[in-house]
$ cat query21.pdb   # PDB, C-alpha atoms
ATOM      1  CA  MET A   1      -8.285  35.601  91.504
ATOM      2  CA  TRP A   2     -10.566  36.347  88.568
ATOM      3  CA  SER A   3     -13.136  33.559  89.007
ATOM      4  CA  GLY A   4     -15.795  35.815  90.524
ATOM      5  CA  LEU A   5     -15.414  38.567  87.956
ATOM      6  CA  LYS A   6     -16.866  38.690  84.469
ATOM      7  CA  MET A   7     -15.488  40.135  81.232
ATOM      8  CA  VAL A   8     -12.280  41.326  82.902
ATOM      9  CA  GLY A   9     -10.129  40.757  79.841
ATOM     10  CA  PRO A  10     -12.267  42.695  77.321
ATOM     11  CA  MET A  11     -12.602  45.664  79.680
ATOM     12  CA  ILE A  12      -8.887  45.848  80.522
ATOM     13  CA  ASN A  13      -7.824  45.208  76.946
ATOM     14  CA  SER A  14      -9.997  47.930  75.441
ATOM     15  CA  GLY A  15      -9.181  50.286  78.312
ATOM     16  CA  SER A  16      -5.484  49.821  77.588
ATOM     17  CA  LEU A  17      -6.046  50.531  73.909
ATOM     18  CA  LEU A  18      -7.934  53.702  74.783
ATOM     19  CA  ILE A  19      -5.267  54.968  77.177
ATOM     20  CA  GLY A  20      -2.417  53.965  74.862
ATOM     21  CA  GLY A  21      -4.003  55.897  72.010
ATOM     22  CA  VAL A  22      -4.336  59.027  74.123
ATOM     23  CA  VAL A  23      -0.796  58.746  75.506
ATOM     24  CA  GLY A  24       0.641  58.209  72.020
ATOM     25  CA  TRP A  25      -1.245  61.226  70.725
ATOM     26  CA  LEU A  26       0.150  63.378  73.537
ATOM     27  CA  VAL A  27       3.767  62.219  73.791
ATOM     28  CA  GLY A  28       4.396  59.678  71.025
ATOM     29  CA  ARG A  29       5.911  62.211  68.641
ATOM     30  CA  TRP A  30       9.033  62.227  70.813
ATOM     31  CA  LEU A  31       9.569  58.480  70.486
ATOM     32  CA  PRO A  32      12.574  57.685  68.243
ATOM     33  CA  GLU A  33      11.726  55.636  65.158
ATOM     34  CA  ARG A  34      14.152  52.876  66.202
ATOM     35  CA  VAL A  35      12.159  52.377  69.418
ATOM     36  CA  LYS A  36       8.923  51.952  67.476
ATOM     37  CA  VAL A  37      10.490  49.396  65.125
ATOM     38  CA  SER A  38      12.136  47.436  67.950
ATOM     39  CA  LEU A  39       8.916  47.246  69.968
ATOM     40  CA  ALA A  40       6.921  46.022  66.973
ATOM     41  CA  LEU A  41       9.400  43.186  66.425
ATOM     42  CA  LEU A  42       9.406  42.364  70.140
ATOM     43  CA  PHE A  43       5.612  42.070  70.144
ATOM     44  CA  GLY A  44       5.879  39.507  67.361
ATOM     45  CA  VAL A  45       8.441  37.464  69.302
ATOM     46  CA  VAL A  46       6.276  37.603  72.451
ATOM     47  CA  THR A  47       3.282  36.346  70.474
ATOM     48  CA  ILE A  48       5.300  33.395  69.182
ATOM     49  CA  GLY A  49       6.521  32.686  72.722
ATOM     50  CA  LEU A  50       2.934  32.572  74.000
ATOM     51  CA  SER A  51       2.232  29.710  71.630
ATOM     52  CA  VAL A  52       4.502  27.248  73.443
ATOM     53  CA  PRO A  53       2.502  26.697  76.680
ATOM     54  CA  LEU A  54      -0.707  26.560  74.656
ATOM     55  CA  ILE A  55       0.471  23.949  72.160
ATOM     56  CA  VAL A  56       1.883  21.533  74.744
ATOM     57  CA  LYS A  57      -1.529  21.179  76.407
ATOM     58  CA  THR A  58      -2.941  18.904  73.733
ATOM     59  CA  ASP A  59      -2.709  15.123  73.679
ATOM     60  CA  ALA A  60      -4.314  14.937  70.225
ATOM     61  CA  MET A  61      -2.114  16.979  67.907
ATOM     62  CA  HIS A  62      -3.525  15.141  64.892
ATOM     63  CA  ILE A  63      -6.933  16.647  65.700
ATOM     64  CA  VAL A  64      -5.395  20.103  65.968
ATOM     65  CA  VAL A  65      -3.551  19.786  62.654
ATOM     66  CA  LEU A  66      -6.634  18.441  60.863
ATOM     67  CA  SER A  67      -8.708  21.278  62.305
ATOM     68  CA  LEU A  68      -6.220  23.876  61.102
ATOM     69  CA  ILE A  69      -6.255  22.389  57.606
ATOM     70  CA  ILE A  70     -10.058  22.234  57.408
ATOM     71  CA  GLY A  71     -10.566  25.608  59.086
ATOM     72  CA  THR A  72      -8.046  27.413  56.893
ATOM     73  CA  PHE A  73      -9.505  25.731  53.800
ATOM     74  CA  ILE A  74     -12.937  27.082  54.756
ATOM     75  CA  GLY A  75     -11.539  30.531  55.499
ATOM     76  CA  GLU A  76      -9.699  30.689  52.201
ATOM     77  CA  LEU A  77     -12.735  29.500  50.220
ATOM     78  CA  LEU A  78     -14.894  32.168  51.867
ATOM     79  CA  GLY A  79     -12.171  34.790  51.563
ATOM     80  CA  LEU A  80     -12.765  35.957  55.128
ATOM     81  CA  GLU A  81      -9.768  38.280  55.401
ATOM     82  CA  SER A  82     -10.254  40.007  52.068
ATOM     83  CA  GLY A  83     -14.000  40.162  52.719
ATOM     84  CA  LEU A  84     -13.422  41.882  56.041
ATOM     85  CA  GLU A  85     -11.079  44.379  54.420
ATOM     86  CA  ARG A  86     -13.650  45.151  51.709
ATOM     87  CA  PHE A  87     -16.381  45.620  54.314
ATOM     88  CA  LEU A  88     -14.272  48.001  56.395
ATOM     89  CA  LYS A  89     -13.219  49.937  53.302
ATOM     90  CA  ARG A  90     -16.850  50.271  52.276
ATOM     91  CA  VAL A  91     -17.864  51.558  55.701
ATOM     92  CA  MET A  92     -14.863  53.827  56.264
ATOM     93  CA  GLY A  93     -14.783  54.887  52.624
ATOM     94  CA  ARG A  94     -17.950  56.875  53.152
ATOM     95  CA  PHE A  95     -16.034  59.130  55.513
ATOM     96  CA  ALA A  96     -13.219  59.548  53.014
ATOM     97  CA  GLU A  97     -15.312  60.301  49.921
ATOM     98  CA  GLY A  98     -14.195  63.483  48.260
ATOM     99  CA  GLU A  99     -11.137  63.762  50.494
ATOM    100  CA  SER A 100      -7.570  64.347  49.367
ATOM    101  CA  GLU A 101      -5.164  61.567  48.443
ATOM    102  CA  GLU A 102      -3.462  62.048  51.817
ATOM    103  CA  SER A 103      -6.771  61.461  53.585
ATOM    104  CA  GLN A 104      -7.384  58.341  51.513
ATOM    105  CA  VAL A 105      -4.026  56.951  52.669
ATOM    106  CA  TYR A 106      -4.886  57.807  56.274
ATOM    107  CA  PHE A 107      -8.191  55.944  56.111
ATOM    108  CA  ALA A 108      -6.487  52.926  54.502
ATOM    109  CA  GLN A 109      -4.063  52.773  57.440
ATOM    110  CA  TYR A 110      -6.906  53.228  59.892
ATOM    111  CA  ILE A 111      -8.852  50.331  58.363
ATOM    112  CA  THR A 112      -5.806  48.082  58.763
ATOM    113  CA  LEU A 113      -5.580  49.010  62.449
ATOM    114  CA  ILE A 114      -9.274  48.313  63.046
ATOM    115  CA  ALA A 115      -8.746  44.818  61.659
ATOM    116  CA  LEU A 116      -5.592  44.402  63.777
ATOM    117  CA  PHE A 117      -7.118  45.485  67.088
ATOM    118  CA  CYS A 118     -10.635  44.078  66.673
ATOM    119  CA  PHE A 119     -10.123  40.848  64.744
ATOM    120  CA  GLY A 120      -6.620  39.707  65.703
ATOM    121  CA  SER A 121      -6.091  36.074  66.649
ATOM    122  CA  MET A 122      -5.004  36.859  70.207
ATOM    123  CA  GLY A 123      -8.174  38.839  70.894
ATOM    124  CA  VAL A 124     -10.528  36.239  69.413
ATOM    125  CA  PHE A 125      -8.766  33.377  71.174
ATOM    126  CA  GLY A 126      -8.392  35.286  74.456
ATOM    127  CA  ALA A 127     -12.030  36.360  74.657
ATOM    128  CA  PHE A 128     -13.294  32.886  73.760
ATOM    129  CA  SER A 129     -10.954  31.260  76.265
ATOM    130  CA  GLU A 130     -11.987  33.636  79.045
ATOM    131  CA  GLY A 131     -15.650  33.038  78.299
ATOM    132  CA  ILE A 132     -15.095  29.333  78.954
ATOM    133  CA  THR A 133     -12.533  29.392  81.769
ATOM    134  CA  HIS A 134     -13.077  32.873  83.296
ATOM    135  CA  THR A 135      -9.308  33.294  83.151
ATOM    136  CA  PRO A 136      -8.261  36.485  81.305
ATOM    137  CA  ASP A 137      -4.529  35.713  81.065
ATOM    138  CA  VAL A 138      -4.263  35.985  77.270
ATOM    139  CA  LEU A 139      -6.231  39.241  77.094
ATOM    140  CA  LEU A 140      -4.170  40.737  79.922
ATOM    141  CA  ILE A 141      -1.019  40.102  77.892
ATOM    142  CA  LYS A 142      -2.758  41.475  74.804
ATOM    143  CA  ALA A 143      -3.741  44.565  76.800
ATOM    144  CA  THR A 144      -0.066  45.319  77.395
ATOM    145  CA  LEU A 145       0.772  44.825  73.725
ATOM    146  CA  ASP A 146      -2.205  46.912  72.596
ATOM    147  CA  PHE A 147      -1.265  49.775  74.916
ATOM    148  CA  PHE A 148       2.144  50.192  73.322
ATOM    149  CA  THR A 149       0.923  49.407  69.803
ATOM    150  CA  ALA A 150      -1.792  52.068  70.111
ATOM    151  CA  MET A 151       0.761  54.498  71.506
ATOM    152  CA  ILE A 152       3.062  53.961  68.530
ATOM    153  CA  PHE A 153       0.354  54.347  65.900
ATOM    154  CA  ALA A 154      -1.322  57.278  67.666
ATOM    155  CA  SER A 155       1.992  59.125  67.446
ATOM    156  CA  GLN A 156       1.594  58.891  63.667
ATOM    157  CA  LEU A 157      -2.174  58.934  63.087
ATOM    158  CA  GLY A 158      -3.470  60.892  66.071
ATOM    159  CA  VAL A 159      -6.013  60.360  68.836
ATOM    160  CA  ALA A 160      -8.445  58.602  66.456
ATOM    161  CA  ILE A 161      -6.578  55.391  67.300
ATOM    162  CA  ALA A 162      -8.046  55.550  70.812
ATOM    163  CA  PHE A 163     -11.573  55.435  69.368
ATOM    164  CA  ILE A 164     -10.957  51.894  68.070
ATOM    165  CA  ALA A 165     -11.333  50.787  71.708
ATOM    166  CA  LEU A 166     -15.134  50.905  71.375
ATOM    167  CA  PRO A 167     -15.584  48.487  68.441
ATOM    168  CA  GLN A 168     -12.852  46.330  69.937
ATOM    169  CA  PHE A 169     -14.734  46.012  73.218
ATOM    170  CA  ILE A 170     -17.983  45.215  71.411
ATOM    171  CA  MET A 171     -16.223  42.491  69.433
ATOM    172  CA  LEU A 172     -14.445  40.962  72.439
ATOM    173  CA  ALA A 173     -17.574  41.116  74.604
ATOM    174  CA  ALA A 174     -19.646  39.359  71.920
ATOM    175  CA  ILE A 175     -17.081  36.553  71.640
ATOM    176  CA  TYR A 176     -16.860  36.272  75.436
ATOM    177  CA  LEU A 177     -20.643  36.005  75.848
ATOM    178  CA  SER A 178     -20.938  33.469  73.023
ATOM    179  CA  ALA A 179     -18.227  31.306  74.577
ATOM    180  CA  ALA A 180     -19.887  31.537  78.001
ATOM    181  CA  GLN A 181     -22.988  29.936  76.488
ATOM    182  CA  LEU A 182     -20.873  27.058  75.161
ATOM    183  CA  ALA A 183     -18.884  26.566  78.377
ATOM    184  CA  PRO A 184     -21.111  23.794  79.842
ATOM    185  CA  PHE A 185     -20.468  21.685  76.747
ATOM    186  CA  ILE A 186     -16.676  22.127  76.623
ATOM    187  CA  SER A 187     -14.628  19.294  78.146
ATOM    188  CA  GLU A 188     -11.030  19.564  79.328
ATOM    189  CA  MET A 189      -9.797  17.717  76.243
ATOM    190  CA  MET A 190     -11.697  20.079  73.953
ATOM    191  CA  LEU A 191     -10.276  23.096  75.757
ATOM    192  CA  ASN A 192      -6.726  21.756  75.496
ATOM    193  CA  ASP A 193      -7.103  21.107  71.761
ATOM    194  CA  PHE A 194      -8.630  24.555  71.329
ATOM    195  CA  SER A 195      -5.659  26.102  73.155
ATOM    196  CA  ALA A 196      -3.164  24.229  70.976
ATOM    197  CA  CYS A 197      -4.956  25.333  67.824
ATOM    198  CA  GLY A 198      -4.828  28.932  69.031
ATOM    199  CA  GLY A 199      -1.142  28.518  69.861
ATOM    200  CA  ILE A 200      -0.275  27.528  66.311
ATOM    201  CA  ILE A 201      -2.246  30.489  64.968
ATOM    202  CA  PHE A 202      -0.202  32.653  67.375
ATOM    203  CA  ILE A 203       2.979  31.476  65.633
ATOM    204  CA  ALA A 204       1.580  32.581  62.276
ATOM    205  CA  THR A 205       0.547  35.876  63.866
ATOM    206  CA  GLY A 206       4.035  36.424  65.283
ATOM    207  CA  PHE A 207       5.612  35.758  61.888
ATOM    208  CA  ARG A 208       3.291  38.340  60.361
ATOM    209  CA  MET A 209       4.037  40.900  63.074
ATOM    210  CA  CYS A 210       7.779  40.409  62.523
ATOM    211  CA  ASP A 211       7.223  40.813  58.780
ATOM    212  CA  ILE A 212       8.663  37.356  58.136
ATOM    213  CA  LYS A 213       5.617  35.962  56.349
ATOM    214  CA  ARG A 214       2.206  37.558  55.799
ATOM    215  CA  PHE A 215      -0.170  34.748  56.787
ATOM    216  CA  ALA A 216      -3.881  35.405  56.227
ATOM    217  CA  ILE A 217      -4.641  35.036  59.941
ATOM    218  CA  ILE A 218      -8.367  35.722  59.736
ATOM    219  CA  ASN A 219      -8.722  32.920  57.186
ATOM    220  CA  MET A 220      -7.308  30.559  59.822
ATOM    221  CA  MET A 221      -9.886  31.510  62.458
ATOM    222  CA  PRO A 222     -12.565  28.932  61.513
ATOM    223  CA  ALA A 223     -10.126  26.305  62.790
ATOM    224  CA  LEU A 224     -10.937  27.426  66.356
ATOM    225  CA  LEU A 225     -14.523  26.246  65.873
ATOM    226  CA  VAL A 226     -13.613  23.174  63.835
ATOM    227  CA  VAL A 227     -11.240  21.937  66.540
ATOM    228  CA  LEU A 228     -14.003  21.984  69.155
ATOM    229  CA  LEU A 229     -16.222  19.844  66.932
ATOM    230  CA  LEU A 230     -13.504  17.351  65.952
ATOM    231  CA  SER A 231     -12.217  17.142  69.501
ATOM    232  CA  ARG A 232     -15.706  16.296  70.745
ATOM    233  CA  LEU A 233     -16.073  13.600  68.076
ATOM    234  CA  TRP A 234     -12.652  12.144  68.889
ATOM    235  CA  GLU A 235     -13.466  12.133  72.597
ATOM    236  CA  GLN A 236     -16.677  10.193  72.013
ATOM    237  CA  PHE A 237     -15.713   7.840  69.197
ATOM    238  CA  GLY A 238     -11.903   7.842  69.054
TER     239      GLY A 238
END

$ encode --input "query21.pdb" --output "structure tokens"
Amino acid sequence: MWSGLKMVGPMINSGSLLIGGVVGWLVGRWLPERVKVSLALLFGVVTIGLSVPLIVKTDAMHIVVLSLIIGTFIGELLGLESGLERFLKRVMGRFAEGESEESQVYFAQYITLIALFCFGSMGVFGAFSEGITHTPDVLLIKATLDFFTAMIFASQLGVAIAFIALPQFIMLAAIYLSAAQLAPFISEMMLNDFSACGGIIFIATGFRMCDIKRFAIINMMPALLVVLLLSRLWEQFG
């Protein structure tokens, strides 16, 4: 259905975020707090559930596990997640200079949401996967989650949430285009191992969304590149 179309996932995902932010700004104030809490937990469970069909694709789980260990080790050494937070605070902090304490808190929340929408594991994995396979399934699911997530947060922080759609689209489009360049070199085995690696990161993401355990998800992201390299080596020499 999608094979003749390009960048479907990034466009729909960011469009959903934009619309969800506007809808939340307009009507979200009437949403009961229990609904917002329940939906947030449900999104975490859905993310964990998505991991199952991705993980079972691999026939080389040892490669996936090794990649996660090496990739997370690299991410932790580089401090990717904390580095991203510092960068966003530095950029956004310029807008908050001289503002009240309430404004400072608002910008801190906004920075967290930029990281969530633009650098989340589902977005990175989904855009990369679509760039290789031209199948936007993961980003279509993420679009649904982002619509309601944006609606919930826009009810609290206002229409500014909708504006995150622009940097999100730029990020997803860049990942998609980069993956499209790599597509000719990606074998079926490599893609299956990549999917399994992403599936395990989804579990960690779901735990974080459910507030069970705060995994440093961004520090795990290098594993998605490491698994492609190790899978290729295993395919040739294993």

$ closest_residue --input "query21.pdb" --among "A:Met151, A:Ile55, A:Ala127, A:Cys118" --to "Gly20 (chain A)" --atoms "only C-alpha atoms"
A:Met151

$ resolve_selection --input "query21.pdb" --expression "the PyMOL selection byres ((chain A and resi 65) around 10)" --output "VMD selection string"
chain A and resid 60 to 64 66 to 71 193 196 to 197 200 223 227

$ residues_around --input "query21.pdb" --residues "Tyr176 (chain A)" --least-positions-apart "3" --cutoff "9 Å" --atoms "only C-alpha atoms" --output "list in words"
Met7, Pro10, Val124, Gly126, Ala127, Phe128, Ser129, Glu130, Gly131, Ile132, Met171, Leu172, Ala173, Ala179, Ala180 and Gln181 of chain A

$ resolve_selection --input "query21.pdb" --expression "the PyMOL selection byres ((chain A and resi 144) around 10)" --output "list in words"
Ile12, Asn13, Ser16, Leu17, Gly20, Phe43, Leu139, Leu140, Ile141, Lys142, Ala143, Leu145, Asp146, Phe147, Phe148 and Thr149 of chain A

$ residues_around --input "query21.pdb" --residues "Val45 (chain A)" --least-positions-apart "6" --cutoff "9 Å" --atoms "all atoms listed in the file" --output "list of chain:residue names"
A:Ile203, A:Gly206, A:Phe207, A:Met209, A:Cys210

$ atom_distance --input "query21.pdb" --atom1 "CA of Trp25 (chain A)" --atom2 "CA of Val91 (chain A)"
24.4 Å

$ residues_around --input "query21.pdb" --residues "Tyr110 (chain A)" --least-positions-apart "6" --cutoff "10 Å" --atoms "all atoms listed in the file" --output "VMD selection string"
chain A and resid 88 to 89 92 104 116 153 157 160 to 161 164

$ residues_around --input "query21.pdb" --residues "Ile201 (chain A)" --least-positions-apart "6" --cutoff "10 Å" --atoms "only C-alpha atoms" --output "VMD selection string"
chain A and resid 47 to 48 51 68 121 to 122 125 195 207 215 217 to 218 220 to 221 223 to 224

$ atom_distance --input "query21.pdb" --atom1 "CA of Gly21 (chain A)" --atom2 "CA of Ala154 (chain A)"
5.3 Å

$ atom_distance --input "query21.pdb" --atom1 "CA of Ser14 (chain A)" --atom2 "CA of Ala165 (chain A)"
4.9 Å

$ closest_residue --input "query21.pdb" --among "A:Leu225, A:Ile170, A:Leu77, A:Ala40" --to "Ala150 (chain A)" --atoms "all atoms listed in the file"
A:Ala40

$ residues_around --input "query21.pdb" --residues "Leu84 (chain A)" --least-positions-apart "6" --cutoff "10 Å" --atoms "all atoms listed in the file" --output "list in words"
Arg90, Ile111, Ala115, Phe119 and Ile218 of chain A

$ axis_aligned_box --input "query21.pdb" --around "region 33-44 of chain A" --padding-each-side "5 Å" --output "lines of an AutoDock Vina configuration file"
center_x = 9.9
center_y = 47.6
center_z = 67.6
size_x = 18.5
size_y = 26.1
size_z = 15.0

$ closest_residue --input "query21.pdb" --among "A:Thr133, A:Gln168, A:Ser155, A:Thr72" --to "Phe117 (chain A)" --atoms "all atoms listed in the file"
A:Gln168

$ residues_near_point --input "query21.pdb" --point "(6.1, 62.9, 70.3)" --cutoff "12 Å" --atoms "only C-alpha atoms" --output "ChimeraX atom specification"
/A:22-33,36,151-158

$ resolve_selection --input "query21.pdb" --expression "the PyMOL selection byres ((chain A and resi 232) around 10)" --output "list in words"
Phe185, Ile186, Ser187, Met189, Met190, Asp193, Val226, Val227, Leu228, Leu229, Leu230, Ser231, Leu233, Trp234, Glu235, Gln236, Phe237 and Gly238 of chain A

$ build_atoms --input "query21.pdb" --residues "region 82-93 of chain A" --atoms "all heavy atoms" --output "PDB file, in the frame of the given file"
ATOM      1  N   SER A  82     -10.017  39.008  53.114  1.00  0.00           N
ATOM      2  CA  SER A  82     -10.254  40.007  52.068  1.00  0.00           C
ATOM      3  C   SER A  82     -11.667  40.561  52.160  1.00  0.00           C
ATOM      4  O   SER A  82     -11.904  41.748  51.901  1.00  0.00           O
ATOM      5  CB  SER A  82     -10.014  39.398  50.685  1.00  0.00           C
ATOM      6  OG  SER A  82     -10.861  38.276  50.464  1.00  0.00           O
ATOM      7  N   GLY A  83     -12.619  39.707  52.551  1.00  0.00           N
ATOM      8  CA  GLY A  83     -14.000  40.162  52.719  1.00  0.00           C
ATOM      9  C   GLY A  83     -14.124  41.179  53.836  1.00  0.00           C
ATOM     10  O   GLY A  83     -14.849  42.175  53.716  1.00  0.00           O
ATOM     11  N   LEU A  84     -13.416  40.933  54.929  1.00  0.00           N
ATOM     12  CA  LEU A  84     -13.422  41.882  56.041  1.00  0.00           C
ATOM     13  C   LEU A  84     -12.822  43.213  55.612  1.00  0.00           C
ATOM     14  O   LEU A  84     -13.355  44.279  55.929  1.00  0.00           O
ATOM     15  CB  LEU A  84     -12.639  41.308  57.223  1.00  0.00           C
ATOM     16  CG  LEU A  84     -12.427  42.245  58.414  1.00  0.00           C
ATOM     17  CD1 LEU A  84     -13.760  42.634  59.034  1.00  0.00           C
ATOM     18  CD2 LEU A  84     -11.512  41.604  59.454  1.00  0.00           C
ATOM     19  N   GLU A  85     -11.719  43.156  54.888  1.00  0.00           N
ATOM     20  CA  GLU A  85     -11.079  44.379  54.420  1.00  0.00           C
ATOM     21  C   GLU A  85     -12.011  45.164  53.497  1.00  0.00           C
ATOM     22  O   GLU A  85     -12.112  46.393  53.595  1.00  0.00           O
ATOM     23  CB  GLU A  85      -9.773  44.042  53.701  1.00  0.00           C
ATOM     24  CG  GLU A  85      -8.687  43.523  54.634  1.00  0.00           C
ATOM     25  CD  GLU A  85      -7.433  43.102  53.889  1.00  0.00           C
ATOM     26  OE1 GLU A  85      -7.456  43.119  52.625  1.00  0.00           O
ATOM     27  OE2 GLU A  85      -6.438  42.774  54.546  1.00  0.00           O
ATOM     28  N   ARG A  86     -12.716  44.467  52.612  1.00  0.00           N
ATOM     29  CA  ARG A  86     -13.650  45.151  51.709  1.00  0.00           C
ATOM     30  C   ARG A  86     -14.788  45.799  52.485  1.00  0.00           C
ATOM     31  O   ARG A  86     -15.216  46.925  52.181  1.00  0.00           O
ATOM     32  CB  ARG A  86     -14.210  44.168  50.670  1.00  0.00           C
ATOM     33  CG  ARG A  86     -13.208  43.756  49.598  1.00  0.00           C
ATOM     34  CD  ARG A  86     -13.920  43.104  48.429  1.00  0.00           C
ATOM     35  NE  ARG A  86     -14.654  41.907  48.840  1.00  0.00           N
ATOM     36  CZ  ARG A  86     -14.134  40.687  48.864  1.00  0.00           C
ATOM     37  NH1 ARG A  86     -12.872  40.488  48.520  1.00  0.00           N
ATOM     38  NH2 ARG A  86     -14.861  39.658  49.241  1.00  0.00           N
ATOM     39  N   PHE A  87     -15.282  45.081  53.498  1.00  0.00           N
ATOM     40  CA  PHE A  87     -16.381  45.620  54.314  1.00  0.00           C
ATOM     41  C   PHE A  87     -15.939  46.885  55.045  1.00  0.00           C
ATOM     42  O   PHE A  87     -16.649  47.903  55.044  1.00  0.00           O
ATOM     43  CB  PHE A  87     -16.839  44.563  55.322  1.00  0.00           C
ATOM     44  CG  PHE A  87     -17.803  45.086  56.346  1.00  0.00           C
ATOM     45  CD1 PHE A  87     -19.125  45.332  56.007  1.00  0.00           C
ATOM     46  CD2 PHE A  87     -17.383  45.342  57.651  1.00  0.00           C
ATOM     47  CE1 PHE A  87     -20.020  45.830  56.958  1.00  0.00           C
ATOM     48  CE2 PHE A  87     -18.261  45.827  58.597  1.00  0.00           C
ATOM     49  CZ  PHE A  87     -19.585  46.074  58.246  1.00  0.00           C
ATOM     50  N   LEU A  88     -14.766  46.839  55.664  1.00  0.00           N
ATOM     51  CA  LEU A  88     -14.272  48.001  56.395  1.00  0.00           C
ATOM     52  C   LEU A  88     -14.001  49.165  55.448  1.00  0.00           C
ATOM     53  O   LEU A  88     -14.280  50.326  55.783  1.00  0.00           O
ATOM     54  CB  LEU A  88     -13.004  47.633  57.171  1.00  0.00           C
ATOM     55  CG  LEU A  88     -13.186  46.652  58.335  1.00  0.00           C
ATOM     56  CD1 LEU A  88     -11.836  46.287  58.941  1.00  0.00           C
ATOM     57  CD2 LEU A  88     -14.094  47.244  59.404  1.00  0.00           C
ATOM     58  N   LYS A  89     -13.472  48.872  54.281  1.00  0.00           N
ATOM     59  CA  LYS A  89     -13.219  49.937  53.302  1.00  0.00           C
ATOM     60  C   LYS A  89     -14.530  50.576  52.852  1.00  0.00           C
ATOM     61  O   LYS A  89     -14.594  51.794  52.643  1.00  0.00           O
ATOM     62  CB  LYS A  89     -12.464  49.376  52.099  1.00  0.00           C
ATOM     63  CG  LYS A  89     -11.002  49.075  52.376  1.00  0.00           C
ATOM     64  CD  LYS A  89     -10.319  48.486  51.152  1.00  0.00           C
ATOM     65  CE  LYS A  89      -8.858  48.171  51.454  1.00  0.00           C
ATOM     66  NZ  LYS A  89      -8.184  47.518  50.307  1.00  0.00           N
ATOM     67  N   ARG A  90     -15.556  49.735  52.704  1.00  0.00           N
ATOM     68  CA  ARG A  90     -16.850  50.271  52.276  1.00  0.00           C
ATOM     69  C   ARG A  90     -17.432  51.189  53.349  1.00  0.00           C
ATOM     70  O   ARG A  90     -17.967  52.259  53.057  1.00  0.00           O
ATOM     71  CB  ARG A  90     -17.822  49.123  51.975  1.00  0.00           C
ATOM     72  CG  ARG A  90     -19.114  49.579  51.321  1.00  0.00           C
ATOM     73  CD  ARG A  90     -20.003  48.397  50.961  1.00  0.00           C
ATOM     74  NE  ARG A  90     -19.345  47.490  50.040  1.00  0.00           N
ATOM     75  CZ  ARG A  90     -19.039  46.237  50.309  1.00  0.00           C
ATOM     76  NH1 ARG A  90     -19.310  45.735  51.511  1.00  0.00           N
ATOM     77  NH2 ARG A  90     -18.456  45.473  49.409  1.00  0.00           N
ATOM     78  N   VAL A  91     -17.328  50.753  54.601  1.00  0.00           N
ATOM     79  CA  VAL A  91     -17.864  51.558  55.701  1.00  0.00           C
ATOM     80  C   VAL A  91     -17.053  52.832  55.887  1.00  0.00           C
ATOM     81  O   VAL A  91     -17.590  53.943  55.929  1.00  0.00           O
ATOM     82  CB  VAL A  91     -17.871  50.738  57.006  1.00  0.00           C
ATOM     83  CG1 VAL A  91     -18.256  51.626  58.180  1.00  0.00           C
ATOM     84  CG2 VAL A  91     -18.837  49.563  56.886  1.00  0.00           C
ATOM     85  N   MET A  92     -15.729  52.674  56.017  1.00  0.00           N
ATOM     86  CA  MET A  92     -14.863  53.827  56.264  1.00  0.00           C
ATOM     87  C   MET A  92     -14.737  54.711  55.028  1.00  0.00           C
ATOM     88  O   MET A  92     -14.489  55.909  55.137  1.00  0.00           O
ATOM     89  CB  MET A  92     -13.478  53.365  56.708  1.00  0.00           C
ATOM     90  CG  MET A  92     -13.474  52.609  58.021  1.00  0.00           C
ATOM     91  SD  MET A  92     -14.085  53.591  59.396  1.00  0.00           S
ATOM     92  CE  MET A  92     -12.857  54.894  59.452  1.00  0.00           C
ATOM     93  N   GLY A  93     -14.920  54.118  53.849  1.00  0.00           N
ATOM     94  CA  GLY A  93     -14.783  54.887  52.624  1.00  0.00           C
ATOM     95  C   GLY A  93     -15.804  56.010  52.515  1.00  0.00           C
ATOM     96  O   GLY A  93     -15.569  57.023  51.860  1.00  0.00           O
TER      97      GLY A  93
END
